[in-house]
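my_file10.cif, holding mmCIF, N, CA and C atoms:
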```
data_upload
loop_
_atom_site.label_atom_id
_atom_site.label_comp_id
_atom_site.auth_asym_id
_atom_site.auth_seq_id
_atom_site.Cartn_x
_atom_site.Cartn_y
_atom_site.Cartn_z
N SER A 1 5.76 1.78 -24.42
CA SER A 1 4.46 1.47 -23.86
C SER A 1 3.87 2.70 -23.19
N SER A 2 2.58 2.75 -23.20
CA SER A 2 1.86 3.89 -22.63
C SER A 2 1.86 3.81 -21.11
N LYS A 3 1.85 4.96 -20.47
CA LYS A 3 1.92 5.01 -19.01
C LYS A 3 0.62 4.56 -18.34
N ILE A 4 -0.52 4.82 -18.97
CA ILE A 4 -1.81 4.47 -18.34
C ILE A 4 -1.98 2.95 -18.22
N PRO A 5 -1.77 2.17 -19.30
CA PRO A 5 -1.89 0.72 -19.13
C PRO A 5 -0.86 0.14 -18.15
N VAL A 6 0.33 0.70 -18.13
CA VAL A 6 1.34 0.22 -17.19
C VAL A 6 0.91 0.53 -15.76
N ALA A 7 0.37 1.71 -15.53
CA ALA A 7 -0.10 2.07 -14.19
C ALA A 7 -1.28 1.19 -13.78
N LEU A 8 -2.22 0.93 -14.69
CA LEU A 8 -3.34 0.05 -14.38
C LEU A 8 -2.85 -1.37 -14.08
N GLY A 9 -1.85 -1.80 -14.78
CA GLY A 9 -1.29 -3.14 -14.54
C GLY A 9 -0.64 -3.24 -13.18
N ALA A 10 -0.08 -2.15 -12.68
CA ALA A 10 0.60 -2.18 -11.39
C ALA A 10 -0.37 -2.48 -10.25
N PHE A 11 -1.56 -1.91 -10.31
CA PHE A 11 -2.50 -2.13 -9.22
C PHE A 11 -3.73 -2.93 -9.67
N SER A 12 -3.56 -3.73 -10.72
CA SER A 12 -4.70 -4.49 -11.25
C SER A 12 -5.19 -5.55 -10.26
N TYR A 13 -4.30 -6.16 -9.49
CA TYR A 13 -4.75 -7.16 -8.52
C TYR A 13 -5.59 -6.50 -7.43
N SER A 14 -5.18 -5.33 -6.98
CA SER A 14 -5.98 -4.60 -5.99
C SER A 14 -7.34 -4.22 -6.57
N LEU A 15 -7.36 -3.83 -7.83
CA LEU A 15 -8.62 -3.49 -8.49
C LEU A 15 -9.50 -4.73 -8.62
N TYR A 16 -8.89 -5.86 -8.92
CA TYR A 16 -9.63 -7.12 -9.00
C TYR A 16 -10.28 -7.46 -7.65
N LEU A 17 -9.55 -7.25 -6.57
CA LEU A 17 -10.07 -7.57 -5.24
C LEU A 17 -11.19 -6.64 -4.80
N ILE A 18 -11.13 -5.38 -5.19
CA ILE A 18 -12.03 -4.39 -4.61
C ILE A 18 -13.25 -4.09 -5.50
N HIS A 19 -13.22 -4.44 -6.77
CA HIS A 19 -14.30 -3.97 -7.67
C HIS A 19 -15.66 -4.59 -7.33
N ALA A 20 -15.74 -5.87 -7.04
CA ALA A 20 -17.05 -6.49 -6.77
C ALA A 20 -17.69 -5.96 -5.48
N PRO A 21 -16.94 -5.89 -4.37
CA PRO A 21 -17.57 -5.30 -3.17
C PRO A 21 -18.00 -3.85 -3.38
N MET A 22 -17.24 -3.10 -4.16
CA MET A 22 -17.59 -1.71 -4.42
C MET A 22 -18.86 -1.61 -5.27
N LEU A 23 -19.01 -2.49 -6.26
CA LEU A 23 -20.23 -2.50 -7.06
C LEU A 23 -21.45 -2.82 -6.21
N VAL A 24 -21.34 -3.82 -5.35
CA VAL A 24 -22.46 -4.20 -4.49
C VAL A 24 -22.80 -3.07 -3.53
N LEU A 25 -21.79 -2.46 -2.95
CA LEU A 25 -22.01 -1.39 -1.98
C LEU A 25 -22.72 -0.19 -2.63
N THR A 26 -22.23 0.25 -3.78
CA THR A 26 -22.85 1.40 -4.41
C THR A 26 -24.25 1.06 -4.93
N TYR A 27 -24.46 -0.16 -5.37
CA TYR A 27 -25.81 -0.54 -5.81
C TYR A 27 -26.78 -0.51 -4.63
N ARG A 28 -26.34 -1.03 -3.50
CA ARG A 28 -27.22 -1.02 -2.32
C ARG A 28 -27.49 0.39 -1.83
N VAL A 29 -26.49 1.25 -1.87
CA VAL A 29 -26.69 2.64 -1.46
C VAL A 29 -27.67 3.32 -2.42
N GLY A 30 -27.46 3.17 -3.72
CA GLY A 30 -28.33 3.82 -4.70
C GLY A 30 -29.73 3.24 -4.71
N PHE A 31 -29.84 1.95 -4.58
CA PHE A 31 -31.14 1.30 -4.72
C PHE A 31 -31.94 1.34 -3.43
N ARG A 32 -31.29 1.09 -2.32
CA ARG A 32 -32.03 0.99 -1.05
C ARG A 32 -32.05 2.29 -0.26
N LEU A 33 -30.91 2.90 -0.07
CA LEU A 33 -30.87 4.11 0.77
C LEU A 33 -31.38 5.34 0.06
N LEU A 34 -31.02 5.49 -1.22
CA LEU A 34 -31.45 6.67 -1.96
C LEU A 34 -32.75 6.44 -2.71
N HIS A 35 -33.28 5.22 -2.65
CA HIS A 35 -34.56 4.85 -3.24
C HIS A 35 -34.63 5.13 -4.74
N PHE A 36 -33.53 4.86 -5.44
CA PHE A 36 -33.55 4.97 -6.90
C PHE A 36 -34.31 3.77 -7.46
N SER A 37 -34.89 3.97 -8.63
CA SER A 37 -35.45 2.81 -9.33
C SER A 37 -34.28 1.98 -9.85
N GLN A 38 -34.58 0.78 -10.28
CA GLN A 38 -33.49 -0.08 -10.74
C GLN A 38 -32.79 0.51 -11.95
N ASN A 39 -33.54 1.14 -12.84
CA ASN A 39 -32.93 1.76 -14.02
C ASN A 39 -32.09 2.98 -13.64
N ALA A 40 -32.49 3.72 -12.64
CA ALA A 40 -31.72 4.90 -12.22
C ALA A 40 -30.52 4.50 -11.37
N ALA A 41 -30.59 3.34 -10.72
CA ALA A 41 -29.48 2.91 -9.87
C ALA A 41 -28.28 2.47 -10.69
N LEU A 42 -28.51 1.94 -11.89
CA LEU A 42 -27.39 1.45 -12.70
C LEU A 42 -26.41 2.54 -13.12
N PRO A 43 -26.87 3.69 -13.64
CA PRO A 43 -25.90 4.75 -13.92
C PRO A 43 -25.21 5.26 -12.66
N PHE A 44 -25.96 5.34 -11.57
CA PHE A 44 -25.36 5.74 -10.29
C PHE A 44 -24.24 4.79 -9.91
N VAL A 45 -24.51 3.51 -10.04
CA VAL A 45 -23.50 2.49 -9.71
C VAL A 45 -22.28 2.67 -10.59
N PHE A 46 -22.48 2.87 -11.87
CA PHE A 46 -21.34 3.01 -12.78
C PHE A 46 -20.53 4.26 -12.48
N PHE A 47 -21.19 5.40 -12.37
CA PHE A 47 -20.47 6.66 -12.21
C PHE A 47 -19.91 6.87 -10.80
N VAL A 48 -20.38 6.12 -9.84
CA VAL A 48 -19.85 6.24 -8.49
C VAL A 48 -18.87 5.10 -8.19
N SER A 49 -19.22 3.87 -8.57
CA SER A 49 -18.39 2.73 -8.17
C SER A 49 -17.09 2.64 -8.96
N VAL A 50 -17.09 3.04 -10.22
CA VAL A 50 -15.84 2.95 -10.99
C VAL A 50 -14.77 3.88 -10.41
N PRO A 51 -15.04 5.18 -10.22
CA PRO A 51 -14.02 6.02 -9.59
C PRO A 51 -13.69 5.59 -8.16
N ALA A 52 -14.72 5.17 -7.41
CA ALA A 52 -14.46 4.73 -6.03
C ALA A 52 -13.62 3.47 -6.00
N ALA A 53 -13.86 2.54 -6.92
CA ALA A 53 -13.06 1.32 -6.98
C ALA A 53 -11.63 1.62 -7.39
N LEU A 54 -11.44 2.55 -8.31
CA LEU A 54 -10.09 2.94 -8.71
C LEU A 54 -9.34 3.58 -7.53
N LEU A 55 -10.00 4.47 -6.82
CA LEU A 55 -9.35 5.12 -5.66
C LEU A 55 -9.07 4.12 -4.54
N ALA A 56 -10.02 3.26 -4.26
CA ALA A 56 -9.83 2.27 -3.20
C ALA A 56 -8.73 1.27 -3.57
N SER A 57 -8.67 0.89 -4.84
CA SER A 57 -7.62 -0.05 -5.24
C SER A 57 -6.25 0.60 -5.22
N LEU A 58 -6.18 1.88 -5.55
CA LEU A 58 -4.90 2.59 -5.42
C LEU A 58 -4.45 2.64 -3.96
N ALA A 59 -5.39 2.94 -3.07
CA ALA A 59 -5.06 2.96 -1.64
C ALA A 59 -4.63 1.59 -1.17
N LEU A 60 -5.34 0.55 -1.58
CA LEU A 60 -4.98 -0.82 -1.20
C LEU A 60 -3.61 -1.19 -1.73
N TYR A 61 -3.30 -0.77 -2.95
CA TYR A 61 -2.00 -1.06 -3.54
C TYR A 61 -0.87 -0.38 -2.78
N TYR A 62 -1.02 0.92 -2.53
CA TYR A 62 0.06 1.66 -1.89
C TYR A 62 0.19 1.38 -0.39
N LEU A 63 -0.92 1.08 0.28
CA LEU A 63 -0.86 0.88 1.73
C LEU A 63 -0.66 -0.57 2.15
N VAL A 64 -1.03 -1.52 1.29
CA VAL A 64 -0.92 -2.93 1.67
C VAL A 64 -0.01 -3.72 0.74
N GLU A 65 -0.36 -3.73 -0.55
CA GLU A 65 0.35 -4.60 -1.49
C GLU A 65 1.81 -4.19 -1.70
N ARG A 66 2.03 -2.92 -1.94
CA ARG A 66 3.39 -2.46 -2.24
C ARG A 66 4.38 -2.67 -1.08
N PRO A 67 4.01 -2.38 0.18
CA PRO A 67 4.94 -2.66 1.27
C PRO A 67 5.31 -4.15 1.37
N PHE A 68 4.34 -5.04 1.11
CA PHE A 68 4.65 -6.46 1.14
C PHE A 68 5.55 -6.87 -0.02
N LEU A 69 5.34 -6.28 -1.18
CA LEU A 69 6.21 -6.57 -2.31
C LEU A 69 7.64 -6.09 -2.06
N ARG A 70 7.77 -4.92 -1.46
CA ARG A 70 9.11 -4.42 -1.13
C ARG A 70 9.79 -5.28 -0.09
N ALA A 71 9.04 -5.73 0.91
CA ALA A 71 9.61 -6.59 1.95
C ALA A 71 10.05 -7.92 1.35
N ARG A 72 9.30 -8.42 0.39
CA ARG A 72 9.68 -9.68 -0.25
C ARG A 72 10.95 -9.52 -1.09
N ASP A 73 11.07 -8.39 -1.78
CA ASP A 73 12.21 -8.17 -2.65
C ASP A 73 13.48 -7.80 -1.89
N ASN A 74 13.34 -7.20 -0.74
CA ASN A 74 14.48 -6.78 0.07
C ASN A 74 14.38 -7.38 1.47
N PRO A 75 14.65 -8.68 1.59
CA PRO A 75 14.51 -9.27 2.92
C PRO A 75 15.57 -8.75 3.88
N ARG A 76 15.15 -8.53 5.09
CA ARG A 76 16.09 -8.09 6.12
C ARG A 76 16.82 -9.31 6.67
N PRO A 77 18.05 -9.13 7.06
CA PRO A 77 18.74 -10.27 7.67
C PRO A 77 18.07 -10.61 9.01
N GLN A 78 17.92 -11.89 9.24
CA GLN A 78 17.29 -12.33 10.48
C GLN A 78 18.30 -12.27 11.61
N VAL A 79 17.89 -11.68 12.69
CA VAL A 79 18.73 -11.61 13.88
C VAL A 79 18.11 -12.55 14.91
N TYR A 80 18.87 -13.53 15.28
CA TYR A 80 18.38 -14.49 16.26
C TYR A 80 19.03 -14.21 17.60
N ALA A 81 18.21 -13.93 18.56
CA ALA A 81 18.71 -13.70 19.92
C ALA A 81 18.82 -15.07 20.60
N PRO A 82 19.85 -15.23 21.40
CA PRO A 82 19.96 -16.50 22.10
C PRO A 82 18.81 -16.66 23.10
N LEU A 83 18.31 -17.86 23.18
CA LEU A 83 17.23 -18.12 24.12
C LEU A 83 17.80 -18.24 25.53
N PRO A 84 17.11 -17.73 26.51
CA PRO A 84 17.60 -17.87 27.87
C PRO A 84 17.54 -19.36 28.28
N VAL A 85 18.59 -19.80 28.90
CA VAL A 85 18.69 -21.18 29.31
C VAL A 85 18.78 -21.21 30.83
N ALA A 86 17.94 -22.00 31.44
CA ALA A 86 17.98 -22.14 32.89
C ALA A 86 19.00 -23.21 33.25
N VAL A 87 19.90 -22.84 34.12
CA VAL A 87 20.92 -23.79 34.58
C VAL A 87 20.68 -24.06 36.04
N GLU A 88 20.52 -25.33 36.35
CA GLU A 88 20.27 -25.71 37.72
C GLU A 88 21.59 -26.03 38.40
N VAL A 89 21.81 -25.42 39.57
CA VAL A 89 23.07 -25.64 40.28
C VAL A 89 22.85 -26.49 41.50
#
```
Will you turn the file into structure tokens for me?
Amino acid sequence: SSKIPVALGAFSYSLYLIHAPMLVLTYRVGFRLLHFSQNAALPFVFFVSVPAALLASLALYYLVERPFLRARDNPRPQVYAPLPVAVEV
């Protein structure tokens, strides 16, 4: 199997979560802040949001998703400390 599809599959859930907010954000920046016309905003959205979504999803995968997956796969033994008990004399 090719390395690129395997790598995309590894962080595909992060990409799924981040792509829509990234599209909306870049569209609003291009359309409203930079005052692009609607036709000019679409290429801006594509060429900015796709790389930004890939980078943001990689960051989300490595900083959030992967640590939780590792914690799930390697659970630490639970250490239970005895609760303090008040004894009345």
Excluding same-chain residues fewer than 4 positions from stretch 43-55 of chain A, what lies within 6 Å of it counting only N, CA and C atoms, as a compact mmCIF listing (two decimals) with N, CA and C atoms, in the coordinates of the input?
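Full text of result_32.txt as output:
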```txt
# COMPACT_ATOMS: atom_id res chain seq x y z
N ILE A 18 -11.13 -5.38 -5.19
CA ILE A 18 -12.03 -4.39 -4.61
C ILE A 18 -13.25 -4.09 -5.50
N HIS A 19 -13.22 -4.44 -6.77
CA HIS A 19 -14.30 -3.97 -7.67
C HIS A 19 -15.66 -4.59 -7.33
N MET A 22 -17.24 -3.10 -4.16
CA MET A 22 -17.59 -1.71 -4.42
C MET A 22 -18.86 -1.61 -5.27
N LEU A 23 -19.01 -2.49 -6.26
CA LEU A 23 -20.23 -2.50 -7.06
C LEU A 23 -21.45 -2.82 -6.21
N THR A 26 -22.23 0.25 -3.78
CA THR A 26 -22.85 1.40 -4.41
C THR A 26 -24.25 1.06 -4.93
N TYR A 27 -24.46 -0.16 -5.37
CA TYR A 27 -25.81 -0.54 -5.81
C TYR A 27 -26.78 -0.51 -4.63
N ASN A 39 -33.54 1.14 -12.84
CA ASN A 39 -32.93 1.76 -14.02
C ASN A 39 -32.09 2.98 -13.64
N ALA A 59 -5.39 2.94 -3.07
CA ALA A 59 -5.06 2.96 -1.64
C ALA A 59 -4.63 1.59 -1.17
N LEU A 60 -5.34 0.55 -1.58
CA LEU A 60 -4.98 -0.82 -1.20
C LEU A 60 -3.61 -1.19 -1.73
```
For the structure provided, state which residues fall under the PyMOL selection byres ((chain A and resi 61-71) around 8), and present them as a list in words.
Ala10, Phe11, Ser12, Tyr13, Ser14, Leu15, Leu55, Ala56, Ser57, Leu58, Ala59, Leu60, Arg72, Asp73, Asn74, Pro75 and Arg76 of chain A
Write out, as a PDB file, in the coordinates of the input, the residues just selected, with N, CA and C atoms.
```pdb
ATOM      1  N   ALA A  10      -0.080  -2.150 -12.680  1.00  0.00           N
ATOM      2  CA  ALA A  10       0.600  -2.180 -11.390  1.00  0.00           C
ATOM      3  C   ALA A  10      -0.370  -2.480 -10.250  1.00  0.00           C
ATOM      4  N   PHE A  11      -1.560  -1.910 -10.310  1.00  0.00           N
ATOM      5  CA  PHE A  11      -2.500  -2.130  -9.220  1.00  0.00           C
ATOM      6  C   PHE A  11      -3.730  -2.930  -9.670  1.00  0.00           C
ATOM      7  N   SER A  12      -3.560  -3.730 -10.720  1.00  0.00           N
ATOM      8  CA  SER A  12      -4.700  -4.490 -11.250  1.00  0.00           C
ATOM      9  C   SER A  12      -5.190  -5.550 -10.260  1.00  0.00           C
ATOM     10  N   TYR A  13      -4.300  -6.160  -9.490  1.00  0.00           N
ATOM     11  CA  TYR A  13      -4.750  -7.160  -8.520  1.00  0.00           C
ATOM     12  C   TYR A  13      -5.590  -6.500  -7.430  1.00  0.00           C
ATOM     13  N   SER A  14      -5.180  -5.330  -6.980  1.00  0.00           N
ATOM     14  CA  SER A  14      -5.980  -4.600  -5.990  1.00  0.00           C
ATOM     15  C   SER A  14      -7.340  -4.220  -6.570  1.00  0.00           C
ATOM     16  N   LEU A  15      -7.360  -3.830  -7.830  1.00  0.00           N
ATOM     17  CA  LEU A  15      -8.620  -3.490  -8.490  1.00  0.00           C
ATOM     18  C   LEU A  15      -9.500  -4.730  -8.620  1.00  0.00           C
ATOM     19  N   LEU A  55     -10.000   4.470  -6.820  1.00  0.00           N
ATOM     20  CA  LEU A  55      -9.350   5.120  -5.660  1.00  0.00           C
ATOM     21  C   LEU A  55      -9.070   4.120  -4.540  1.00  0.00           C
ATOM     22  N   ALA A  56     -10.020   3.260  -4.260  1.00  0.00           N
ATOM     23  CA  ALA A  56      -9.830   2.270  -3.200  1.00  0.00           C
ATOM     24  C   ALA A  56      -8.730   1.270  -3.570  1.00  0.00           C
ATOM     25  N   SER A  57      -8.670   0.890  -4.840  1.00  0.00           N
ATOM     26  CA  SER A  57      -7.620  -0.050  -5.240  1.00  0.00           C
ATOM     27  C   SER A  57      -6.250   0.600  -5.220  1.00  0.00           C
ATOM     28  N   LEU A  58      -6.180   1.880  -5.550  1.00  0.00           N
ATOM     29  CA  LEU A  58      -4.900   2.590  -5.420  1.00  0.00           C
ATOM     30  C   LEU A  58      -4.450   2.640  -3.960  1.00  0.00           C
ATOM     31  N   ALA A  59      -5.390   2.940  -3.070  1.00  0.00           N
ATOM     32  CA  ALA A  59      -5.060   2.960  -1.640  1.00  0.00           C
ATOM     33  C   ALA A  59      -4.630   1.590  -1.170  1.00  0.00           C
ATOM     34  N   LEU A  60      -5.340   0.550  -1.580  1.00  0.00           N
ATOM     35  CA  LEU A  60      -4.980  -0.820  -1.200  1.00  0.00           C
ATOM     36  C   LEU A  60      -3.610  -1.190  -1.730  1.00  0.00           C
ATOM     37  N   ARG A  72       9.300  -8.420   0.390  1.00  0.00           N
ATOM     38  CA  ARG A  72       9.680  -9.680  -0.250  1.00  0.00           C
ATOM     39  C   ARG A  72      10.950  -9.520  -1.090  1.00  0.00           C
ATOM     40  N   ASP A  73      11.070  -8.390  -1.780  1.00  0.00           N
ATOM     41  CA  ASP A  73      12.210  -8.170  -2.650  1.00  0.00           C
ATOM     42  C   ASP A  73      13.480  -7.800  -1.890  1.00  0.00           C
ATOM     43  N   ASN A  74      13.340  -7.200  -0.740  1.00  0.00           N
ATOM     44  CA  ASN A  74      14.480  -6.780   0.070  1.00  0.00           C
ATOM     45  C   ASN A  74      14.380  -7.380   1.470  1.00  0.00           C
ATOM     46  N   PRO A  75      14.650  -8.680   1.590  1.00  0.00           N
ATOM     47  CA  PRO A  75      14.510  -9.270   2.920  1.00  0.00           C
ATOM     48  C   PRO A  75      15.570  -8.750   3.880  1.00  0.00           C
ATOM     49  N   ARG A  76      15.150  -8.530   5.090  1.00  0.00           N
ATOM     50  CA  ARG A  76      16.090  -8.090   6.120  1.00  0.00           C
ATOM     51  C   ARG A  76      16.820  -9.310   6.670  1.00  0.00           C
TER      52      ARG A  76
END
```
Have a look at atom C of A:Gly30 and atom C of A:Leu42 and let me know their distance in Å, one decimal.
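Computing it gives 9.1 Å between the two atoms.
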Expected answer as a CSV table (one decimal) with N, CA and C atoms, in the frame of the given file: helix (DSSP H, G or I) residues in chain A:
```csv
chain,number,residue,atom,x,y,z
A,3,LYS,N,1.8,5.0,-20.5
A,3,LYS,CA,1.9,5.0,-19.0
A,3,LYS,C,0.6,4.6,-18.3
A,4,ILE,N,-0.5,4.8,-19.0
A,4,ILE,CA,-1.8,4.5,-18.3
A,4,ILE,C,-2.0,3.0,-18.2
A,5,PRO,N,-1.8,2.2,-19.3
A,5,PRO,CA,-1.9,0.7,-19.1
A,5,PRO,C,-0.9,0.1,-18.2
A,6,VAL,N,0.3,0.7,-18.1
A,6,VAL,CA,1.3,0.2,-17.2
A,6,VAL,C,0.9,0.5,-15.8
A,7,ALA,N,0.4,1.7,-15.5
A,7,ALA,CA,-0.1,2.1,-14.2
A,7,ALA,C,-1.3,1.2,-13.8
A,8,LEU,N,-2.2,0.9,-14.7
A,8,LEU,CA,-3.3,0.0,-14.4
A,8,LEU,C,-2.8,-1.4,-14.1
A,9,GLY,N,-1.8,-1.8,-14.8
A,9,GLY,CA,-1.3,-3.1,-14.5
A,9,GLY,C,-0.6,-3.2,-13.2
A,10,ALA,N,-0.1,-2.2,-12.7
A,10,ALA,CA,0.6,-2.2,-11.4
A,10,ALA,C,-0.4,-2.5,-10.2
A,12,SER,N,-3.6,-3.7,-10.7
A,12,SER,CA,-4.7,-4.5,-11.2
A,12,SER,C,-5.2,-5.6,-10.3
A,13,TYR,N,-4.3,-6.2,-9.5
A,13,TYR,CA,-4.8,-7.2,-8.5
A,13,TYR,C,-5.6,-6.5,-7.4
A,14,SER,N,-5.2,-5.3,-7.0
A,14,SER,CA,-6.0,-4.6,-6.0
A,14,SER,C,-7.3,-4.2,-6.6
A,15,LEU,N,-7.4,-3.8,-7.8
A,15,LEU,CA,-8.6,-3.5,-8.5
A,15,LEU,C,-9.5,-4.7,-8.6
A,16,TYR,N,-8.9,-5.9,-8.9
A,16,TYR,CA,-9.6,-7.1,-9.0
A,16,TYR,C,-10.3,-7.5,-7.6
A,17,LEU,N,-9.6,-7.2,-6.6
A,17,LEU,CA,-10.1,-7.6,-5.2
A,17,LEU,C,-11.2,-6.6,-4.8
A,18,ILE,N,-11.1,-5.4,-5.2
A,18,ILE,CA,-12.0,-4.4,-4.6
A,18,ILE,C,-13.2,-4.1,-5.5
A,19,HIS,N,-13.2,-4.4,-6.8
A,19,HIS,CA,-14.3,-4.0,-7.7
A,19,HIS,C,-15.7,-4.6,-7.3
A,20,ALA,N,-15.7,-5.9,-7.0
A,20,ALA,CA,-17.0,-6.5,-6.8
A,20,ALA,C,-17.7,-6.0,-5.5
A,21,PRO,N,-16.9,-5.9,-4.4
A,21,PRO,CA,-17.6,-5.3,-3.2
A,21,PRO,C,-18.0,-3.8,-3.4
A,22,MET,N,-17.2,-3.1,-4.2
A,22,MET,CA,-17.6,-1.7,-4.4
A,22,MET,C,-18.9,-1.6,-5.3
A,23,LEU,N,-19.0,-2.5,-6.3
A,23,LEU,CA,-20.2,-2.5,-7.1
A,23,LEU,C,-21.4,-2.8,-6.2
A,24,VAL,N,-21.3,-3.8,-5.4
A,24,VAL,CA,-22.5,-4.2,-4.5
A,24,VAL,C,-22.8,-3.1,-3.5
A,25,LEU,N,-21.8,-2.5,-3.0
A,25,LEU,CA,-22.0,-1.4,-2.0
A,25,LEU,C,-22.7,-0.2,-2.6
A,26,THR,N,-22.2,0.2,-3.8
A,26,THR,CA,-22.8,1.4,-4.4
A,26,THR,C,-24.2,1.1,-4.9
A,27,TYR,N,-24.5,-0.2,-5.4
A,27,TYR,CA,-25.8,-0.5,-5.8
A,27,TYR,C,-26.8,-0.5,-4.6
A,28,ARG,N,-26.3,-1.0,-3.5
A,28,ARG,CA,-27.2,-1.0,-2.3
A,28,ARG,C,-27.5,0.4,-1.8
A,29,VAL,N,-26.5,1.2,-1.9
A,29,VAL,CA,-26.7,2.6,-1.5
A,29,VAL,C,-27.7,3.3,-2.4
A,30,GLY,N,-27.5,3.2,-3.7
A,30,GLY,CA,-28.3,3.8,-4.7
A,30,GLY,C,-29.7,3.2,-4.7
A,31,PHE,N,-29.8,2.0,-4.6
A,31,PHE,CA,-31.1,1.3,-4.7
A,31,PHE,C,-31.9,1.3,-3.4
A,32,ARG,N,-31.3,1.1,-2.3
A,32,ARG,CA,-32.0,1.0,-1.0
A,32,ARG,C,-32.0,2.3,-0.3
A,33,LEU,N,-30.9,2.9,-0.1
A,33,LEU,CA,-30.9,4.1,0.8
A,33,LEU,C,-31.4,5.3,0.1
A,38,GLN,N,-34.6,0.8,-10.3
A,38,GLN,CA,-33.5,-0.1,-10.7
A,38,GLN,C,-32.8,0.5,-12.0
A,39,ASN,N,-33.5,1.1,-12.8
A,39,ASN,CA,-32.9,1.8,-14.0
A,39,ASN,C,-32.1,3.0,-13.6
A,40,ALA,N,-32.5,3.7,-12.6
A,40,ALA,CA,-31.7,4.9,-12.2
A,40,ALA,C,-30.5,4.5,-11.4
A,41,ALA,N,-30.6,3.3,-10.7
A,41,ALA,CA,-29.5,2.9,-9.9
A,41,ALA,C,-28.3,2.5,-10.7
A,42,LEU,N,-28.5,1.9,-11.9
A,42,LEU,CA,-27.4,1.4,-12.7
A,42,LEU,C,-26.4,2.5,-13.1
A,43,PRO,N,-26.9,3.7,-13.6
A,43,PRO,CA,-25.9,4.8,-13.9
A,43,PRO,C,-25.2,5.3,-12.7
A,44,PHE,N,-26.0,5.3,-11.6
A,44,PHE,CA,-25.4,5.7,-10.3
A,44,PHE,C,-24.2,4.8,-9.9
A,45,VAL,N,-24.5,3.5,-10.0
A,45,VAL,CA,-23.5,2.5,-9.7
A,45,VAL,C,-22.3,2.7,-10.6
A,46,PHE,N,-22.5,2.9,-11.9
A,46,PHE,CA,-21.3,3.0,-12.8
A,46,PHE,C,-20.5,4.3,-12.5
A,47,PHE,N,-21.2,5.4,-12.4
A,47,PHE,CA,-20.5,6.7,-12.2
A,47,PHE,C,-19.9,6.9,-10.8
A,48,VAL,N,-20.4,6.1,-9.8
A,48,VAL,CA,-19.8,6.2,-8.5
A,48,VAL,C,-18.9,5.1,-8.2
A,49,SER,N,-19.2,3.9,-8.6
A,49,SER,CA,-18.4,2.7,-8.2
A,49,SER,C,-17.1,2.6,-9.0
A,50,VAL,N,-17.1,3.0,-10.2
A,50,VAL,CA,-15.8,3.0,-11.0
A,50,VAL,C,-14.8,3.9,-10.4
A,51,PRO,N,-15.0,5.2,-10.2
A,51,PRO,CA,-14.0,6.0,-9.6
A,51,PRO,C,-13.7,5.6,-8.2
A,52,ALA,N,-14.7,5.2,-7.4
A,52,ALA,CA,-14.5,4.7,-6.0
A,52,ALA,C,-13.6,3.5,-6.0
A,53,ALA,N,-13.9,2.5,-6.9
A,53,ALA,CA,-13.1,1.3,-7.0
A,53,ALA,C,-11.6,1.6,-7.4
A,54,LEU,N,-11.4,2.6,-8.3
A,54,LEU,CA,-10.1,2.9,-8.7
A,54,LEU,C,-9.3,3.6,-7.5
A,55,LEU,N,-10.0,4.5,-6.8
A,55,LEU,CA,-9.4,5.1,-5.7
A,55,LEU,C,-9.1,4.1,-4.5
A,56,ALA,N,-10.0,3.3,-4.3
A,56,ALA,CA,-9.8,2.3,-3.2
A,56,ALA,C,-8.7,1.3,-3.6
A,57,SER,N,-8.7,0.9,-4.8
A,57,SER,CA,-7.6,0.0,-5.2
A,57,SER,C,-6.2,0.6,-5.2
A,58,LEU,N,-6.2,1.9,-5.6
A,58,LEU,CA,-4.9,2.6,-5.4
A,58,LEU,C,-4.4,2.6,-4.0
A,59,ALA,N,-5.4,2.9,-3.1
A,59,ALA,CA,-5.1,3.0,-1.6
A,59,ALA,C,-4.6,1.6,-1.2
A,60,LEU,N,-5.3,0.6,-1.6
A,60,LEU,CA,-5.0,-0.8,-1.2
A,60,LEU,C,-3.6,-1.2,-1.7
A,61,TYR,N,-3.3,-0.8,-3.0
A,61,TYR,CA,-2.0,-1.1,-3.5
A,61,TYR,C,-0.9,-0.4,-2.8
A,62,TYR,N,-1.0,0.9,-2.5
A,62,TYR,CA,0.1,1.7,-1.9
A,62,TYR,C,0.2,1.4,-0.4
A,63,LEU,N,-0.9,1.1,0.3
A,63,LEU,CA,-0.9,0.9,1.7
A,63,LEU,C,-0.7,-0.6,2.2
A,64,VAL,N,-1.0,-1.5,1.3
A,64,VAL,CA,-0.9,-2.9,1.7
A,64,VAL,C,0.0,-3.7,0.7
A,65,GLU,N,-0.4,-3.7,-0.6
A,65,GLU,CA,0.4,-4.6,-1.5
A,65,GLU,C,1.8,-4.2,-1.7
A,66,ARG,N,2.0,-2.9,-1.9
A,66,ARG,CA,3.4,-2.5,-2.2
A,66,ARG,C,4.4,-2.7,-1.1
A,67,PRO,N,4.0,-2.4,0.2
A,67,PRO,CA,4.9,-2.7,1.3
A,67,PRO,C,5.3,-4.2,1.4
A,68,PHE,N,4.3,-5.0,1.1
A,68,PHE,CA,4.6,-6.5,1.1
A,68,PHE,C,5.6,-6.9,0.0
A,69,LEU,N,5.3,-6.3,-1.2
A,69,LEU,CA,6.2,-6.6,-2.3
A,69,LEU,C,7.6,-6.1,-2.1
A,70,ARG,N,7.8,-4.9,-1.5
A,70,ARG,CA,9.1,-4.4,-1.1
A,70,ARG,C,9.8,-5.3,-0.1
A,71,ALA,N,9.0,-5.7,0.9
A,71,ALA,CA,9.6,-6.6,2.0
A,71,ALA,C,10.0,-7.9,1.4
A,72,ARG,N,9.3,-8.4,0.4
A,72,ARG,CA,9.7,-9.7,-0.2
A,72,ARG,C,11.0,-9.5,-1.1
A,73,ASP,N,11.1,-8.4,-1.8
A,73,ASP,CA,12.2,-8.2,-2.6
A,73,ASP,C,13.5,-7.8,-1.9
```
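Note that the spacing between atom N of A:Leu25 and atom CA of A:Gln38 amounts to 14.3 Å.
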Around all the atoms of stretch 59-76 of chain A listed in the file, draw an axis-aligned box and extend it by 4 Å on each of the six sides; I want its centre and edge lengths in Å to one decimal, as JSON.
```
{"center_x": 5.7, "center_y": -3.4, "center_z": 1.6, "size_x": 30.2, "size_y": 20.6, "size_z": 18.2}
```
For atom CA of A:Ala41 and atom C of A:Leu17, quote the distance in Å rounded to one decimal.
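For atom CA of A:Ala41 relative to atom C of A:Leu17, the distance reads 21.2 Å.
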